[in-house]
$ cat input.txt   # compact mmCIF, C-alpha atoms
# COMPACT_ATOMS: atom_id res chain seq x y z
CA MET A 71 -51.13 2.63 9.62
CA ILE A 72 -47.49 2.57 8.61
CA SER A 73 -45.13 1.53 11.40
CA LYS A 74 -42.04 3.51 12.37
CA ALA A 75 -39.79 0.65 11.16
CA ALA A 76 -41.47 0.70 7.73
CA VAL A 77 -40.93 4.46 7.46
CA MET A 78 -37.27 4.02 8.41
CA THR A 79 -36.88 1.26 5.81
CA GLN A 80 -38.41 3.48 3.13
CA LYS A 81 -36.06 6.33 4.10
CA LEU A 82 -33.01 4.05 4.02
CA LYS A 83 -34.04 2.78 0.59
CA ALA A 84 -34.44 6.34 -0.67
CA ASP A 85 -31.02 7.36 0.70
CA ARG A 86 -29.29 4.34 -0.79
CA LYS A 87 -26.45 5.32 -3.11
CA ILE A 88 -25.47 1.83 -4.28
CA GLU A 89 -28.12 -0.64 -5.32
CA PRO A 90 -27.36 -4.05 -3.73
CA ALA A 91 -28.39 -5.77 -6.98
CA MET A 92 -25.88 -3.70 -8.95
CA LEU A 93 -23.13 -4.38 -6.39
CA GLY A 94 -23.93 -8.10 -6.58
CA LEU A 95 -23.82 -8.03 -10.37
CA LEU A 96 -20.48 -6.19 -10.36
CA LEU A 97 -19.02 -8.76 -7.97
CA PHE A 98 -20.31 -11.49 -10.29
CA ILE A 99 -18.66 -9.76 -13.26
CA VAL A 100 -15.39 -9.52 -11.28
CA VAL A 101 -15.55 -13.29 -10.79
CA GLU A 102 -16.27 -13.73 -14.50
CA ILE A 103 -13.29 -11.55 -15.44
CA MET A 104 -11.05 -13.68 -13.22
CA PHE A 105 -12.47 -16.80 -14.86
CA PHE A 106 -11.74 -15.51 -18.36
CA ALA A 107 -8.33 -14.16 -17.28
CA GLY A 108 -7.46 -17.69 -16.13
CA LEU A 109 -8.58 -19.19 -19.45
CA ILE A 110 -6.74 -16.51 -21.46
CA SER A 111 -3.53 -16.94 -19.46
CA ALA A 112 -3.66 -20.71 -20.04
CA PHE A 113 -4.16 -20.01 -23.76
CA LEU A 114 -1.20 -17.58 -23.76
CA VAL A 115 1.12 -20.34 -22.50
CA PHE A 116 0.71 -22.00 -25.91
CA ARG A 117 0.07 -18.92 -28.04
CA LEU A 118 3.20 -16.98 -27.03
CA SER A 119 5.64 -19.86 -27.06
CA PRO A 120 7.96 -20.56 -30.01
CA VAL A 121 6.10 -23.84 -30.63
CA GLN A 122 4.12 -23.69 -33.91
CA TRP A 123 0.67 -22.18 -33.36
CA PRO A 124 -1.83 -23.15 -34.63
CA PRO A 125 -0.55 -26.71 -34.95
CA ALA A 126 -0.01 -27.97 -38.50
CA GLY A 127 -2.99 -29.35 -40.42
CA GLN A 128 -5.64 -27.34 -38.60
CA PRO A 129 -8.48 -25.62 -40.50
CA ARG A 130 -8.13 -21.86 -40.97
CA LEU A 131 -10.42 -19.86 -38.71
CA PRO A 132 -12.92 -17.66 -40.61
CA ILE A 133 -11.50 -14.24 -39.70
CA GLU A 134 -13.63 -12.19 -42.12
CA VAL A 135 -17.01 -13.57 -41.03
CA THR A 136 -16.04 -13.32 -37.36
CA ALA A 137 -14.86 -9.73 -37.88
CA ILE A 138 -18.32 -8.85 -39.26
CA ASN A 139 -19.85 -10.73 -36.33
CA THR A 140 -17.70 -8.65 -33.97
CA VAL A 141 -19.12 -5.49 -35.52
CA VAL A 142 -22.62 -6.92 -35.01
CA LEU A 143 -21.93 -7.48 -31.30
CA LEU A 144 -20.36 -4.04 -30.87
CA LEU A 145 -23.37 -2.52 -32.61
CA SER A 146 -25.64 -4.30 -30.13
CA GLY A 147 -23.71 -2.62 -27.31
CA PHE A 148 -24.27 0.75 -28.96
CA THR A 149 -28.00 0.16 -29.48
CA PHE A 150 -28.37 -0.86 -25.81
CA TYR A 151 -26.54 2.31 -24.77
CA LYS A 152 -28.93 4.38 -26.91
CA ALA A 153 -31.93 2.44 -25.58
CA ILE A 154 -31.15 3.43 -21.98
CA LYS A 155 -30.60 7.02 -23.07
CA VAL A 156 -33.99 7.30 -24.79
CA LEU A 157 -35.70 5.51 -21.87
CA ARG A 158 -34.38 8.22 -19.54
CA GLU A 159 -35.79 10.82 -21.95
CA GLY A 160 -39.18 9.09 -21.78
CA LYS A 161 -39.29 7.95 -25.44
CA LYS A 162 -40.74 4.53 -24.73
CA GLY A 163 -41.51 3.53 -28.33
CA LEU A 164 -37.98 4.18 -29.51
CA TYR A 165 -36.61 2.46 -26.38
CA LEU A 166 -38.57 -0.72 -27.15
CA SER A 167 -37.42 -0.66 -30.78
CA LEU A 168 -33.77 -0.26 -29.79
CA LEU A 169 -34.01 -2.97 -27.13
CA SER A 170 -35.63 -5.38 -29.61
CA PHE A 171 -32.91 -4.57 -32.15
CA THR A 172 -30.23 -5.26 -29.49
CA ALA A 173 -31.76 -8.67 -28.78
CA LEU A 174 -31.93 -9.43 -32.52
CA LEU A 175 -28.25 -8.51 -32.96
CA GLY A 176 -27.35 -10.78 -30.03
CA ILE A 177 -29.30 -13.66 -31.59
CA LEU A 178 -27.64 -12.97 -34.96
CA PHE A 179 -24.20 -13.11 -33.31
CA LEU A 180 -25.00 -16.44 -31.65
CA THR A 181 -26.45 -17.92 -34.83
CA THR A 182 -23.37 -16.96 -36.85
CA GLN A 183 -21.07 -18.38 -34.18
CA GLY A 184 -23.07 -21.62 -34.13
CA TYR A 185 -22.88 -21.90 -37.92
CA GLU A 186 -19.11 -21.26 -37.76
CA TRP A 187 -18.62 -24.02 -35.19
CA ILE A 188 -20.63 -26.51 -37.29
CA GLN A 189 -18.37 -25.74 -40.28
CA LEU A 190 -15.21 -26.09 -38.18
CA VAL A 191 -16.34 -29.41 -36.74
CA LYS A 192 -16.99 -30.61 -40.33
CA PHE A 193 -13.41 -29.61 -41.17
CA GLY A 194 -12.11 -31.66 -38.25
CA LEU A 195 -11.64 -29.09 -35.48
CA SER A 196 -13.38 -30.43 -32.39
CA VAL A 197 -12.88 -30.05 -28.64
CA SER A 198 -11.05 -33.35 -28.43
CA SER A 199 -9.02 -33.09 -31.66
CA ASN A 200 -6.06 -31.31 -30.00
CA VAL A 201 -5.15 -28.52 -27.58
CA TYR A 202 -5.90 -25.91 -30.29
CA GLY A 203 -9.47 -27.13 -30.67
CA GLY A 204 -9.84 -27.44 -26.93
CA PHE A 205 -8.82 -23.84 -26.33
CA PHE A 206 -10.88 -22.54 -29.25
CA TYR A 207 -14.11 -24.12 -28.04
CA ALA A 208 -13.39 -23.40 -24.37
CA LEU A 209 -12.80 -19.67 -24.89
CA VAL A 210 -15.24 -18.98 -27.72
CA GLY A 211 -17.78 -21.44 -26.33
CA MET A 212 -17.73 -19.96 -22.83
CA HIS A 213 -18.16 -16.49 -24.28
CA GLY A 214 -21.02 -17.74 -26.48
CA PHE A 215 -22.63 -19.27 -23.39
CA HIS A 216 -22.42 -15.88 -21.66
CA VAL A 217 -23.91 -14.13 -24.70
CA PHE A 218 -26.74 -16.68 -24.62
CA GLY A 219 -27.37 -15.77 -20.96
CA GLY A 220 -27.29 -12.09 -21.92
CA VAL A 221 -29.82 -12.62 -24.72
CA LEU A 222 -32.16 -14.42 -22.29
CA ALA A 223 -31.81 -11.50 -19.86
CA LEU A 224 -32.46 -9.06 -22.72
CA LEU A 225 -35.62 -10.89 -23.75
CA TRP A 226 -36.77 -10.94 -20.12
CA VAL A 227 -36.19 -7.17 -19.82
CA LEU A 228 -37.98 -6.66 -23.15
CA VAL A 229 -41.04 -8.58 -21.95
CA ARG A 230 -41.08 -6.64 -18.68
CA SER A 231 -40.69 -3.39 -20.60
CA LEU A 232 -43.71 -4.29 -22.75
CA MET A 233 -45.62 -4.90 -19.49
CA GLY A 234 -44.68 -1.40 -18.37
CA ALA A 235 -42.32 -2.42 -15.56
CA TYR A 236 -39.79 0.35 -16.24
CA SER A 237 -40.10 4.11 -16.28
CA PRO A 238 -37.64 6.96 -17.03
CA LYS A 239 -36.82 7.14 -13.29
CA HIS A 240 -37.06 3.48 -12.27
CA HIS A 241 -35.21 1.11 -14.57
CA LEU A 242 -32.82 -0.89 -12.41
CA GLY A 243 -33.54 -4.12 -14.30
CA VAL A 244 -32.53 -2.48 -17.59
CA ASP A 245 -29.37 -1.06 -15.97
CA LEU A 246 -28.39 -4.51 -14.66
CA CYS A 247 -28.97 -6.12 -18.05
CA ARG A 248 -27.00 -3.36 -19.77
CA THR A 249 -24.01 -3.76 -17.40
CA TYR A 250 -23.88 -7.50 -18.06
CA TRP A 251 -24.32 -6.97 -21.81
CA PHE A 252 -21.48 -4.43 -21.89
CA PHE A 253 -19.28 -7.01 -20.18
CA VAL A 254 -19.92 -9.69 -22.82
CA VAL A 255 -19.62 -7.15 -25.64
CA GLY A 256 -16.37 -5.70 -24.25
CA LEU A 257 -14.83 -9.12 -23.72
CA TRP A 258 -15.37 -10.37 -27.27
CA PRO A 259 -12.88 -8.12 -29.19
CA ILE A 260 -10.10 -9.26 -26.81
CA LEU A 261 -10.92 -12.92 -27.45
CA PHE A 262 -11.27 -12.31 -31.18
CA VAL A 263 -7.81 -10.73 -31.49
CA LEU A 264 -6.17 -13.37 -29.29
CA ILE A 265 -7.71 -16.42 -30.93
CA TYR A 266 -8.18 -15.49 -34.57
CA PHE A 267 -4.88 -13.70 -35.27
CA MET B 102 9.81 -10.82 20.49
CA ASN B 103 10.62 -7.82 18.34
CA LYS B 104 14.32 -8.68 18.36
CA LEU B 105 13.56 -12.27 17.43
CA THR B 106 11.38 -11.14 14.51
CA ASN B 107 14.11 -8.81 13.28
CA THR B 108 16.73 -11.55 13.49
CA LEU B 109 14.50 -14.01 11.65
CA THR B 110 13.77 -11.44 8.94
CA LEU B 111 17.47 -10.70 8.55
CA VAL B 112 18.33 -14.41 8.29
CA LEU B 113 15.55 -14.90 5.72
CA VAL B 114 16.69 -11.93 3.62
CA MET B 115 20.33 -13.09 3.77
CA TRP B 116 19.25 -16.58 2.77
CA MET B 117 17.25 -15.23 -0.20
CA VAL B 118 20.17 -13.07 -1.32
CA LEU B 119 22.89 -15.67 -0.86
CA ALA B 120 21.06 -18.75 -2.02
CA PRO B 121 18.64 -17.78 -4.79
CA VAL B 122 18.62 -21.26 -6.29
CA ALA B 123 17.45 -22.71 -2.98
CA VAL B 124 14.43 -20.41 -2.77
CA TRP B 125 13.52 -20.68 -6.44
CA ALA B 126 11.03 -23.50 -6.44
CA CYS B 127 12.03 -25.30 -9.61
CA PRO B 128 14.39 -23.35 -11.86
CA LEU B 129 15.10 -26.33 -14.08
CA CYS B 130 11.44 -27.15 -14.73
CA VAL B 131 10.67 -23.69 -16.18
CA ASN B 132 13.65 -23.77 -18.53
CA ALA B 133 13.06 -27.38 -19.52
CA THR B 134 9.76 -26.68 -21.29
CA PRO B 135 9.41 -25.05 -24.73
CA TYR B 136 6.48 -23.10 -23.29
CA LYS B 137 8.58 -21.03 -20.86
CA ASP B 138 7.97 -17.71 -22.70
CA GLY B 139 4.26 -18.34 -22.74
CA LEU B 140 4.33 -19.30 -19.06
CA LEU B 141 6.05 -16.05 -18.15
CA TRP B 142 3.54 -13.98 -20.13
CA ALA B 143 0.61 -15.92 -18.68
CA VAL B 144 1.79 -15.40 -15.11
CA GLY B 145 2.57 -11.75 -15.88
CA LEU B 146 -0.98 -11.26 -17.15
CA LEU B 147 -2.70 -13.08 -14.31
CA ILE B 148 -0.89 -11.54 -11.32
CA PRO B 149 -2.08 -7.92 -11.69
CA VAL B 150 -5.70 -8.79 -12.61
CA PRO B 151 -7.07 -9.17 -9.02
CA PHE B 152 -5.36 -5.95 -7.95
CA ILE B 153 -6.75 -4.02 -10.92
CA LEU B 154 -10.24 -5.40 -10.27
CA ALA B 155 -10.06 -4.62 -6.54
CA TYR B 156 -8.93 -1.07 -7.33
CA LEU B 157 -11.74 -0.60 -9.89
CA MET B 158 -14.35 -1.90 -7.43
CA TYR B 159 -13.01 0.36 -4.69
CA GLY B 160 -13.10 3.34 -7.08
CA TRP B 161 -16.64 2.54 -8.20
CA ILE B 162 -17.96 2.15 -4.63
CA ARG B 163 -16.24 5.37 -3.51
CA ARG B 164 -17.61 7.31 -6.45
CA ALA B 165 -21.13 5.92 -6.02
CA ALA B 166 -21.24 6.50 -2.25
$ encode --input "input.txt" --output "structure tokens"
Amino acid sequence: MISKAAVMTQKLKADRKIEPAMLGLLLFIVVEIMFFAGLISAFLVFRLSPVQWPPAGQPRLPIEVTAINTVVLLLSGFTFYKAIKVLREGKKGLYLSLLSFTALLGILFLTTQGYEWIQLVKFGLSVSSNVYGGFFYALVGMHGFHVFGGVLALLWVLVRSLMGAYSPKHHLGVDLCRTYWFFVVGLWPILFVLIYF
Amino acid sequence: MNKLTNTLTLVLVMWMVLAPVAVWACPLCVNATPYKDGLLWAVGLLIPVPFILAYLMYGWIRRAA
């Protein structure tokens, strides 16, 4: 027999307009935005001053490859957006394909970034080489770390989707992952323009 | 109490108007560095961010509820 308290709890859950998990994630993203705003403002102190930037003798950053990589990340945001849309329409096969493709694009972005860093280290740009290197690896590295977290979350959601955990009406986990992914995707073009140009 | 508060506020405002150098924490330090333009931009960027975020959160919660 269901108790009165359990019935009340069920009713409250049904009436809930804001999911606590989503509110928690948004607060987390607010903290992350403040964190990146702090890093960017510290970077701007050097970037917008009349002192030569980048300092002389530094390797040129690979703008072309990173621009293509930016398109890859933006495309992953689009495929995730479409994945949620088709999930709501009940097209599970297409949803799984789009989600897998999103994860692959995220992995491709990280792999390209990693390869770029290896090349830059070979050319002498490291975290400790100077303030330019320090800022480059702090900003791009922290973003890469967040993308890595997003890819792990994506893979987790993909596995749960394959297990049938989400339906067209109940897909909070996918929504949470999408919100976080949109944050990392939306942040990257700002960092790209600031650092690479 | 109210009169005292008003007097103190008036004295503080007069002090800020008449002695700006005294209330400016370190006017020489800012101008002494070659990074002063960057510092101004950095502070200008950082100050509105919490307010924008708080406003966006408030808007989102209001819309969702």
$ closest_atom_pairs --input "input.txt" --of "chain B" --to "chain A" --cutoff "6 Å" --atoms "only C-alpha atoms" --output "Markdown table"
| residue | atom | partner | partner_atom | distance |
| --- | --- | --- | --- | --- |
| B:Tyr136 | CA | A:Ser119 | CA | 5.0 |
| B:Asp138 | CA | A:Ser119 | CA | 5.4 |
| B:Gly139 | CA | A:Val115 | CA | 3.7 |
| B:Leu140 | CA | A:Val115 | CA | 4.8 |
| B:Ala143 | CA | A:Ser111 | CA | 4.3 |
| B:Ala166 | CA | A:Lys87 | CA | 5.4 |
$ residues_around --input "input.txt" --residues "stretch 181-191 of chain A" --least-positions-apart "6" --cutoff "10 Å" --atoms "all atoms listed in the file" --output "PyMOL selection string"
chain A and resi 128-132+135-136+138-139+175+197+199+203+206-207+210-211+214
$ atom_distance --input "input.txt" --atom1 "atom CA of B:Gly145" --atom2 "atom CA of B:Ala120"
24.1 Å
$ atom_distance --input "input.txt" --atom1 "atom CA of A:Ser170" --atom2 "atom CA of A:Leu242"
18.0 Å
$ closest_residue --input "input.txt" --among "A:Gly194, A:Gly256, A:Gly147, A:Pro125" --to "A:Leu224" --atoms "all atoms listed in the file"
A:Gly147
$ residues_around --input "input.txt" --residues "A:Leu257" --least-positions-apart "5" --cutoff "10 Å" --atoms "only C-alpha atoms" --output "PyMOL selection string"
chain A and resi 103+106+213+251-252+262
$ axis_aligned_box --input "input.txt" --around "stretch 143-161 of chain B" --padding-each-side "4 Å" --output "lines of an AutoDock Vina configuration file"
center_x = -7.0
center_y = -6.3
center_z = -11.7
size_x = 27.2
size_y = 27.3
size_z = 22.0
$ closest_residue --input "input.txt" --among "A:Leu232, A:Ile177, A:Leu164, A:Val142" --to "A:Gly219" --atoms "only C-alpha atoms"
A:Ile177
$ atom_distance --input "input.txt" --atom1 "atom CA of A:Phe148" --atom2 "atom CA of A:Gly160"
18.5 Å
$ residues_around --input "input.txt" --residues "A:Ala235" --least-positions-apart "6" --cutoff "12 Å" --atoms "all atoms listed in the file" --output "list in words"
Lys162, Trp226, Val227, Leu228, Val229, His241, Leu242, Gly243 and Val244 of chain A
$ write_last_selection --input "input.txt" --atoms "C-alpha atoms" --output "PDB file, in the frame of the given file"
ATOM      1  CA  LYS A 162     -40.740   4.530 -24.730  1.00  0.00           C
ATOM      2  CA  TRP A 226     -36.770 -10.940 -20.120  1.00  0.00           C
ATOM      3  CA  VAL A 227     -36.190  -7.170 -19.820  1.00  0.00           C
ATOM      4  CA  LEU A 228     -37.980  -6.660 -23.150  1.00  0.00           C
ATOM      5  CA  VAL A 229     -41.040  -8.580 -21.950  1.00  0.00           C
ATOM      6  CA  HIS A 241     -35.210   1.110 -14.570  1.00  0.00           C
ATOM      7  CA  LEU A 242     -32.820  -0.890 -12.410  1.00  0.00           C
ATOM      8  CA  GLY A 243     -33.540  -4.120 -14.300  1.00  0.00           C
ATOM      9  CA  VAL A 244     -32.530  -2.480 -17.590  1.00  0.00           C
TER      10      VAL A 244
END
$ residues_around --input "input.txt" --residues "A:Gly176" --least-positions-apart "6" --cutoff "9 Å" --atoms "all atoms listed in the file" --output "count of residues only"
7
